[in-house]
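Below is data_1.tsv, which holds TSV, C-alpha atoms.
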chain	number	residue	atom	x	y	z
A	19	MET	CA	-31.32	-1.95	-81.83
A	20	ALA	CA	-28.19	-0.18	-80.54
A	21	GLY	CA	-28.52	2.30	-77.71
A	22	ILE	CA	-28.87	2.75	-73.97
A	23	TYR	CA	-32.06	1.38	-72.43
A	24	VAL	CA	-33.49	1.48	-68.93
A	25	ASN	CA	-35.90	-0.99	-67.38
A	26	ASP	CA	-39.12	0.79	-66.39
A	27	GLU	CA	-41.30	-1.67	-64.40
A	28	GLY	CA	-40.37	-4.57	-66.65
A	29	THR	CA	-40.34	-2.66	-69.95
A	30	TRP	CA	-37.09	-1.60	-71.62
A	31	LYS	CA	-37.27	2.00	-72.84
A	32	LEU	CA	-34.99	4.66	-74.22
A	33	PRO	CA	-34.06	7.19	-71.51
A	34	LYS	CA	-35.62	10.63	-71.83
A	35	SER	CA	-32.40	12.25	-70.59
A	36	VAL	CA	-28.87	11.39	-69.50
A	37	TRP	CA	-27.02	13.31	-66.77
A	38	ILE	CA	-23.29	13.59	-66.11
A	39	ASN	CA	-21.36	14.91	-63.12
A	40	GLN	CA	-19.11	17.72	-64.29
A	41	LEU	CA	-16.76	18.99	-61.55
A	42	GLY	CA	-19.33	18.22	-58.86
A	43	THR	CA	-22.34	19.61	-60.77
A	44	TRP	CA	-24.91	17.36	-62.41
A	45	ARG	CA	-25.79	18.50	-65.94
A	46	VAL	CA	-28.17	17.09	-68.53
A	47	CYS	CA	-26.56	16.06	-71.80
A	48	LYS	CA	-28.02	17.92	-74.78
A	49	ASN	CA	-26.91	15.30	-77.33
A	50	VAL	CA	-25.90	11.70	-76.67
A	51	TYR	CA	-24.30	9.28	-79.16
A	52	VAL	CA	-23.60	5.54	-78.95
A	53	ASN	CA	-21.13	3.49	-80.93
A	54	SER	CA	-22.77	0.60	-82.76
A	55	GLY	CA	-20.46	-1.64	-84.79
A	56	GLY	CA	-17.95	1.16	-85.24
A	57	ALA	CA	-20.55	3.74	-86.28
A	58	TRP	CA	-21.70	6.56	-84.00
A	59	LYS	CA	-25.47	6.95	-83.81
A	60	GLU	CA	-27.49	9.66	-82.14
A	61	LEU	CA	-29.52	8.48	-79.14
A	62	ILE	CA	-30.70	11.73	-77.53
A	63	LYS	CA	-31.11	15.00	-79.45
A	64	THR	CA	-31.91	18.46	-78.06
A	65	VAL	CA	-33.51	20.96	-80.43
A	66	ASP	CA	-33.84	24.68	-79.75
A	67	ILE	CA	-36.59	26.19	-81.90
A	68	THR	CA	-36.09	29.77	-83.04
A	69	SER	CA	-38.40	32.12	-84.92
A	70	SER	CA	-36.20	31.74	-87.99
A	71	SER	CA	-36.67	27.96	-88.06
A	72	ILE	CA	-40.45	27.91	-88.55
A	73	ASP	CA	-42.96	29.37	-90.97
A	74	GLY	CA	-46.17	27.68	-89.78
A	75	ASN	CA	-47.58	24.13	-89.94
A	76	PHE	CA	-44.49	22.85	-88.11
A	77	ASN	CA	-43.73	19.11	-88.26
A	78	LEU	CA	-41.01	18.08	-85.81
A	79	PHE	CA	-40.34	14.67	-87.38
A	80	GLU	CA	-39.76	16.23	-90.80
A	81	TYR	CA	-37.74	19.08	-89.29
A	82	LEU	CA	-35.31	16.50	-87.85
A	83	GLY	CA	-34.91	14.79	-91.22
A	84	SER	CA	-37.43	11.95	-90.69
A	85	PRO	CA	-35.24	9.70	-88.48
A	86	SER	CA	-35.62	5.99	-89.14
A	87	GLU	CA	-34.50	4.69	-85.73
A	88	ALA	CA	-35.94	5.27	-82.26
A	89	LEU	CA	-34.72	8.51	-80.76
A	90	SER	CA	-35.22	10.59	-77.62
A	91	VAL	CA	-35.89	14.22	-78.54
A	92	ILE	CA	-36.01	17.25	-76.27
A	93	VAL	CA	-37.53	20.35	-77.89
A	94	ASN	CA	-37.15	23.80	-76.34
A	95	ILE	CA	-39.45	26.62	-77.50
A	96	PRO	CA	-38.55	30.01	-75.94
A	97	PHE	CA	-41.02	32.74	-74.97
A	98	ASP	CA	-40.47	34.84	-78.11
A	99	VAL	CA	-41.40	32.09	-80.61
A	100	THR	CA	-44.88	31.85	-82.13
A	101	ILE	CA	-45.97	28.74	-84.04
A	102	GLY	CA	-49.20	29.06	-86.01
A	103	SER	CA	-50.95	27.40	-88.93
A	104	VAL	CA	-51.20	28.91	-92.38
A	105	GLY	CA	-53.49	28.19	-95.35
A	106	PRO	CA	-55.06	26.63	-97.15
A	107	PRO	CA	-56.07	29.56	-99.38
A	108	LEU	CA	-59.68	30.02	-100.40
A	109	PRO	CA	-60.48	30.10	-104.12
A	110	SER	CA	-61.53	33.32	-105.79
A	111	TRP	CA	-64.66	33.59	-107.91
A	112	SER	CA	-64.84	36.51	-110.29
A	113	PRO	CA	-67.15	36.40	-113.28
A	114	TYR	CA	-67.91	40.08	-112.71
A	115	TYR	CA	-66.35	41.07	-109.36
A	116	THR	CA	-63.45	39.53	-107.48
A	117	SER	CA	-64.66	37.78	-104.35
A	118	ILE	CA	-63.73	34.91	-102.06
A	119	LEU	CA	-65.68	31.67	-102.37
A	120	ARG	CA	-66.55	30.59	-98.81
A	121	THR	CA	-68.18	27.22	-99.52
A	122	ASN	CA	-67.03	23.66	-98.68
A	123	LEU	CA	-64.50	25.18	-96.32
A	124	PRO	CA	-61.35	23.23	-95.35
A	125	LYS	CA	-60.25	22.80	-91.76
A	126	ARG	CA	-57.28	24.94	-90.84
A	127	PRO	CA	-54.02	22.94	-90.47
A	128	THR	CA	-52.41	21.94	-87.18
A	129	ALA	CA	-49.83	24.41	-85.88
A	130	PHE	CA	-47.41	21.84	-84.36
A	131	THR	CA	-47.39	18.19	-85.47
A	132	VAL	CA	-45.01	15.91	-83.60
A	133	GLY	CA	-44.98	13.50	-86.53
A	134	ASN	CA	-44.28	9.91	-87.44
A	135	PHE	CA	-41.39	9.03	-85.10
A	136	PRO	CA	-40.38	5.36	-84.97
A	137	THR	CA	-41.91	3.16	-82.29
A	138	GLY	CA	-40.01	3.38	-79.01
A	139	SER	CA	-39.04	7.03	-79.41
A	140	THR	CA	-39.65	9.64	-76.70
A	141	VAL	CA	-40.40	13.31	-77.33
A	142	ILE	CA	-40.39	16.04	-74.68
A	143	VAL	CA	-41.64	19.50	-75.69
A	144	ASN	CA	-40.69	22.32	-73.32
A	145	ASN	CA	-42.93	25.14	-74.52
A	146	ASN	CA	-42.51	28.65	-73.20
A	147	GLY	CA	-43.76	30.16	-76.46
A	148	TYR	CA	-47.11	30.55	-78.19
A	149	ILE	CA	-48.65	27.71	-80.24
A	150	SER	CA	-52.02	28.36	-81.88
A	151	GLY	CA	-54.09	26.79	-84.61
A	152	GLY	CA	-55.50	29.14	-87.24
A	153	GLY	CA	-59.02	30.56	-87.02
A	154	GLY	CA	-61.65	28.78	-89.10
A	155	TYR	CA	-63.01	30.51	-92.18
A	156	GLY	CA	-66.46	32.07	-92.03
A	157	GLY	CA	-69.10	30.45	-94.26
A	158	ALA	CA	-70.84	32.21	-97.15
A	159	GLY	CA	-74.35	33.53	-96.86
A	160	GLY	CA	-77.12	31.90	-98.87
A	161	ASN	CA	-77.64	33.33	-102.36
A	162	SER	CA	-74.63	35.56	-101.78
A	163	PHE	CA	-72.96	35.08	-105.14
A	164	ALA	CA	-74.27	34.58	-108.66
A	165	SER	CA	-74.75	30.96	-109.64
A	166	GLY	CA	-72.92	29.35	-112.51
A	167	PRO	CA	-72.06	25.89	-113.87
A	168	ASN	CA	-68.83	25.67	-111.84
A	169	TYR	CA	-70.10	27.34	-108.67
A	170	PRO	CA	-73.66	26.27	-107.91
A	171	ASN	CA	-75.38	28.60	-105.49
A	172	GLN	CA	-77.77	27.66	-102.70
A	173	LEU	CA	-80.32	29.59	-100.69
A	174	ASN	CA	-79.27	28.19	-97.29
A	175	GLY	CA	-76.33	29.65	-95.40
A	176	TYR	CA	-73.06	27.73	-95.64
A	177	PRO	CA	-71.41	26.34	-92.48
A	178	GLY	CA	-68.28	27.90	-91.03
A	179	GLY	CA	-64.95	26.11	-91.27
A	180	ALA	CA	-63.17	24.35	-88.41
A	181	GLY	CA	-60.27	25.99	-86.58
A	182	GLY	CA	-56.81	24.44	-86.61
A	183	ASP	CA	-55.43	22.33	-83.74
A	184	GLY	CA	-52.58	23.55	-81.55
A	185	ILE	CA	-50.39	20.46	-81.12
A	186	MET	CA	-51.14	16.90	-82.28
A	187	LYS	CA	-49.26	13.60	-82.30
A	188	GLY	CA	-49.93	12.99	-85.98
A	189	SER	CA	-48.97	9.31	-85.96
A	190	SER	CA	-50.32	5.91	-84.96
A	191	ASN	CA	-46.84	4.70	-83.94
A	192	ASN	CA	-46.26	3.76	-80.31
A	193	PHE	CA	-44.00	6.43	-78.82
A	194	ASP	CA	-44.21	8.75	-75.81
A	195	ILE	CA	-44.86	12.50	-75.96
A	196	THR	CA	-44.65	14.75	-72.92
A	197	ILE	CA	-45.39	18.47	-72.90
A	198	VAL	CA	-44.04	20.83	-70.26
A	199	ASN	CA	-46.03	23.96	-71.02
A	200	THR	CA	-45.15	27.24	-69.37
A	201	GLY	CA	-46.41	29.24	-72.34
A	202	THR	CA	-49.67	29.10	-74.33
A	203	ILE	CA	-51.17	26.34	-76.47
A	204	ALA	CA	-54.52	27.08	-78.14
A	205	GLY	CA	-56.97	25.72	-80.67
A	206	GLY	CA	-58.16	28.10	-83.35
A	207	GLY	CA	-61.71	29.43	-83.10
A	208	GLY	CA	-64.35	28.06	-85.45
A	209	GLY	CA	-65.65	30.17	-88.31
A	210	GLY	CA	-69.11	31.74	-88.13
A	211	GLY	CA	-71.92	30.25	-90.19
A	212	GLY	CA	-73.42	32.13	-93.10
A	213	ALA	CA	-76.92	33.57	-92.86
A	214	GLY	CA	-79.64	31.96	-94.94
A	215	SER	CA	-81.21	34.01	-97.70
A	216	TYR	CA	-84.73	35.29	-97.23
A	217	TYR	CA	-87.60	35.71	-99.63
A	218	THR	CA	-88.95	39.18	-100.31
A	219	SER	CA	-92.35	39.34	-101.98
A	220	GLY	CA	-92.99	41.69	-104.87
A	221	SER	CA	-94.13	45.21	-104.10
A	222	SER	CA	-96.60	45.28	-107.00
A	223	PRO	CA	-98.61	42.85	-109.12
A	224	PHE	CA	-95.89	43.13	-111.75
A	225	SER	CA	-93.06	42.19	-109.36
A	226	THR	CA	-92.63	38.55	-108.36
A	227	GLY	CA	-90.05	39.19	-105.62
A	228	GLY	CA	-87.01	37.05	-104.94
A	229	ASN	CA	-84.40	35.84	-102.49
A	230	SER	CA	-82.02	38.33	-100.92
A	231	GLY	CA	-78.49	37.24	-100.03
A	232	GLY	CA	-77.46	36.34	-96.49
A	233	GLY	CA	-74.27	37.62	-94.90
A	234	SER	CA	-71.08	35.62	-94.53
A	235	GLY	CA	-69.81	34.41	-91.15
A	236	GLY	CA	-66.77	35.89	-89.43
A	237	ASP	CA	-63.40	34.18	-89.27
A	238	GLY	CA	-62.35	32.51	-86.01
A	239	GLY	CA	-59.55	33.74	-83.75
A	240	GLY	CA	-56.00	32.49	-84.15
A	241	VAL	CA	-52.52	33.57	-85.16
A	242	THR	CA	-53.88	33.36	-88.68
A	243	GLY	CA	-57.49	34.39	-88.18
A	244	PHE	CA	-59.54	37.52	-87.61
A	245	SER	CA	-57.22	38.43	-84.73
A	246	ARG	CA	-54.74	36.63	-82.51
A	247	THR	CA	-57.37	35.79	-79.85
A	248	GLN	CA	-60.83	36.99	-80.93
A	249	GLY	CA	-63.23	35.90	-83.65
A	250	GLY	CA	-64.54	38.41	-86.16
A	251	PRO	CA	-68.08	39.68	-86.73
A	252	GLY	CA	-69.99	38.35	-89.69
A	253	SER	CA	-69.97	41.76	-91.36
A	254	ALA	CA	-66.18	41.58	-91.71
A	255	ASN	CA	-66.45	39.01	-94.52
A	256	ASN	CA	-69.20	40.52	-96.68
A	257	ASP	CA	-66.97	40.43	-99.73
A	258	ASN	CA	-69.16	38.23	-101.90
A	259	TYR	CA	-71.15	39.16	-105.00
A	260	VAL	CA	-74.16	40.16	-102.91
A	261	LEU	CA	-73.63	41.91	-99.57
A	262	GLY	CA	-75.89	40.58	-96.83
A	263	THR	CA	-76.33	40.68	-93.08
A	264	ASP	CA	-76.69	38.42	-90.04
A	265	GLY	CA	-73.74	36.08	-90.57
A	266	GLY	CA	-72.53	34.38	-87.37
A	267	ASN	CA	-69.54	35.64	-85.41
A	268	GLY	CA	-66.31	33.71	-85.54
A	269	GLY	CA	-65.30	31.94	-82.31
A	270	SER	CA	-62.52	33.20	-80.07
A	271	LEU	CA	-59.57	30.89	-79.39
A	272	GLY	CA	-60.82	27.44	-78.38
A	273	GLU	CA	-64.48	28.32	-79.04
A	274	ASN	CA	-66.90	27.18	-81.74
A	275	GLY	CA	-68.14	29.70	-84.28
A	276	GLN	CA	-71.66	31.09	-84.04
A	277	ALA	CA	-74.36	29.89	-86.43
A	278	GLY	CA	-75.87	32.37	-88.86
A	279	GLN	CA	-78.30	34.69	-87.06
A	280	ALA	CA	-80.94	35.55	-89.65
A	281	ASN	CA	-84.50	34.86	-88.45
A	282	GLY	CA	-86.85	36.93	-90.59
A	283	ALA	CA	-90.02	35.88	-92.39
A	284	GLY	CA	-89.37	33.61	-95.37
A	285	GLN	CA	-85.95	32.82	-93.97
A	286	ARG	CA	-83.92	29.90	-95.30
A	287	PRO	CA	-81.81	27.87	-92.81
A	288	ASN	CA	-78.63	29.42	-91.48
A	289	GLY	CA	-75.24	27.76	-91.74
A	290	ALA	CA	-73.85	26.10	-88.62
A	291	GLY	CA	-70.82	27.53	-86.84
A	292	GLY	CA	-67.48	25.79	-87.38
A	293	LYS	CA	-65.89	23.71	-84.62
A	294	ALA	CA	-62.92	25.03	-82.68
A	295	GLY	CA	-59.60	23.25	-83.04
A	296	LYS	CA	-58.21	21.23	-80.14
A	297	ALA	CA	-55.47	22.78	-78.05
A	298	VAL	CA	-53.74	19.42	-77.39
A	299	GLY	CA	-54.54	16.15	-79.14
A	300	SER	CA	-54.82	12.61	-77.82
A	301	ASP	CA	-51.95	10.33	-76.71
A	302	ILE	CA	-49.99	13.29	-75.35
A	303	GLU	CA	-49.00	13.60	-71.69
A	304	LEU	CA	-49.34	17.10	-70.26
A	305	ALA	CA	-46.84	17.25	-67.38
A	306	VAL	CA	-47.22	21.01	-66.83
A	307	SER	CA	-50.34	22.72	-68.14
A	308	GLY	CA	-49.45	26.41	-68.33
A	309	THR	CA	-52.07	28.26	-70.40
A	310	ILE	CA	-54.28	25.90	-72.40
A	311	ILE	CA	-57.10	27.42	-74.47
A	312	GLY	CA	-59.39	24.77	-75.94
A	313	THR	CA	-60.03	21.07	-75.50
A	314	ILE	CA	-57.50	18.36	-74.68
A	315	GLY	CA	-57.56	14.83	-76.03
Can you present the structure in this file as structure tokens?
Amino acid sequence: MAGIYVNDEGTWKLPKSVWINQLGTWRVCKNVYVNSGGAWKELIKTVDITSSSIDGNFNLFEYLGSPSEALSVIVNIPFDVTIGSVGPPLPSWSPYYTSILRTNLPKRPTAFTVGNFPTGSTVIVNNNGYISGGGGYGGAGGNSFASGPNYPNQLNGYPGGAGGDGIMKGSSNNFDITIVNTGTIAGGGGGGGGAGSYYTSGSSPFSTGGNSGGGSGGDGGGVTGFSRTQGGPGSANNDNYVLGTDGGNGGSLGENGQAGQANGAGQRPNGAGGKAGKAVGSDIELAVSGTIIGTIG
């Protein structure tokens, strides 16, 4: 493969940067090309991310046009850029009233995916901005919407959804990633679990009683969540067919959601809280930590 390689303790690798002496001052080259068989090929590429270049769920490999040959990439994210995760949308259910169906909840997407760079590539991310996974969705309360053939109900509370990850490698290929973080990287908070329904006995011999609906859990914290940093209370998501109480609170950034909190007589099980997203995934070197909110690895 054409290019400039350096020997690092017996292993030939692409350089992470190339410096030149310009009038007595050493400067790093932003972009480096090599001539291979008469054709110029890019060896080192510097990318400056701006707020106009992202709309959430950022994939660096795809942003650079899915390069097919090993490449050294330097990514600069300034202080005024926020990278979050958006979607996926929750389905609506409306046989009588419009409401959001908070069952079988999807995990929120990763905010920044490095992507499927060819083996031998190197990626350096200089982050001075704000990278955050989205907050997990709060789970529905038990018996909180009318049952039907397409939307079977259950009496137990539904679990909260998982928050999105901050930055992940997103590939099994063998290439190096280094993060120099002077900003913030965070995992989204997990969604709160829904409260289980509870049985209320009849008040007279002619009333058989029934199951009352449990409350939905709150959404987790994240750029796309209840708020940028804090999880929401369960009462914030009581938009289902039956309004209930005691849903779990959504987790703040990097924190799991709370399980449903109902504990009355005749209570059905509560839904578990959703897991927080990771701040930084595995196979990523963290050269400078900065502000990390959530787990690493």
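Comparing A:Gly179, A:Gly55, A:Pro85, A:Gly231 by their smallest distance to Phe135 of chain A, the closest is A:Pro85 (using only C-alpha atoms).
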Using only C-alpha atoms: which of A:Gly292, A:Gly156, A:Gly278, A:Gly102 has the shortest distance to Ser215 of chain A: A:Gly278
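Closest approach to Ile203 of chain A from the set A:Asn122, A:Asn145, A:Gln279, A:Ser300 is made by A:Asn145, with distances taken over only C-alpha atoms.
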Residues within 7 Å of (-77.6, 35.7, -95.7), file coords, only C-alpha atoms, listed as a count of residues only: 17
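When all atoms listed in the file are used to compute distances to Asn161 of chain A, the closest of the residues A:Phe193, A:Ser230, A:Val50, A:Pro96 turns out to be A:Ser230.
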Atomic separation - atom CA of Ile72 of chain A relative to atom CA of Gly105 of chain A, Å: 14.7 Å
Interatomic distance, atom CA of Gly182 of chain A to atom CA of Arg286 of chain A (Å, one decimal): 29.0 Å
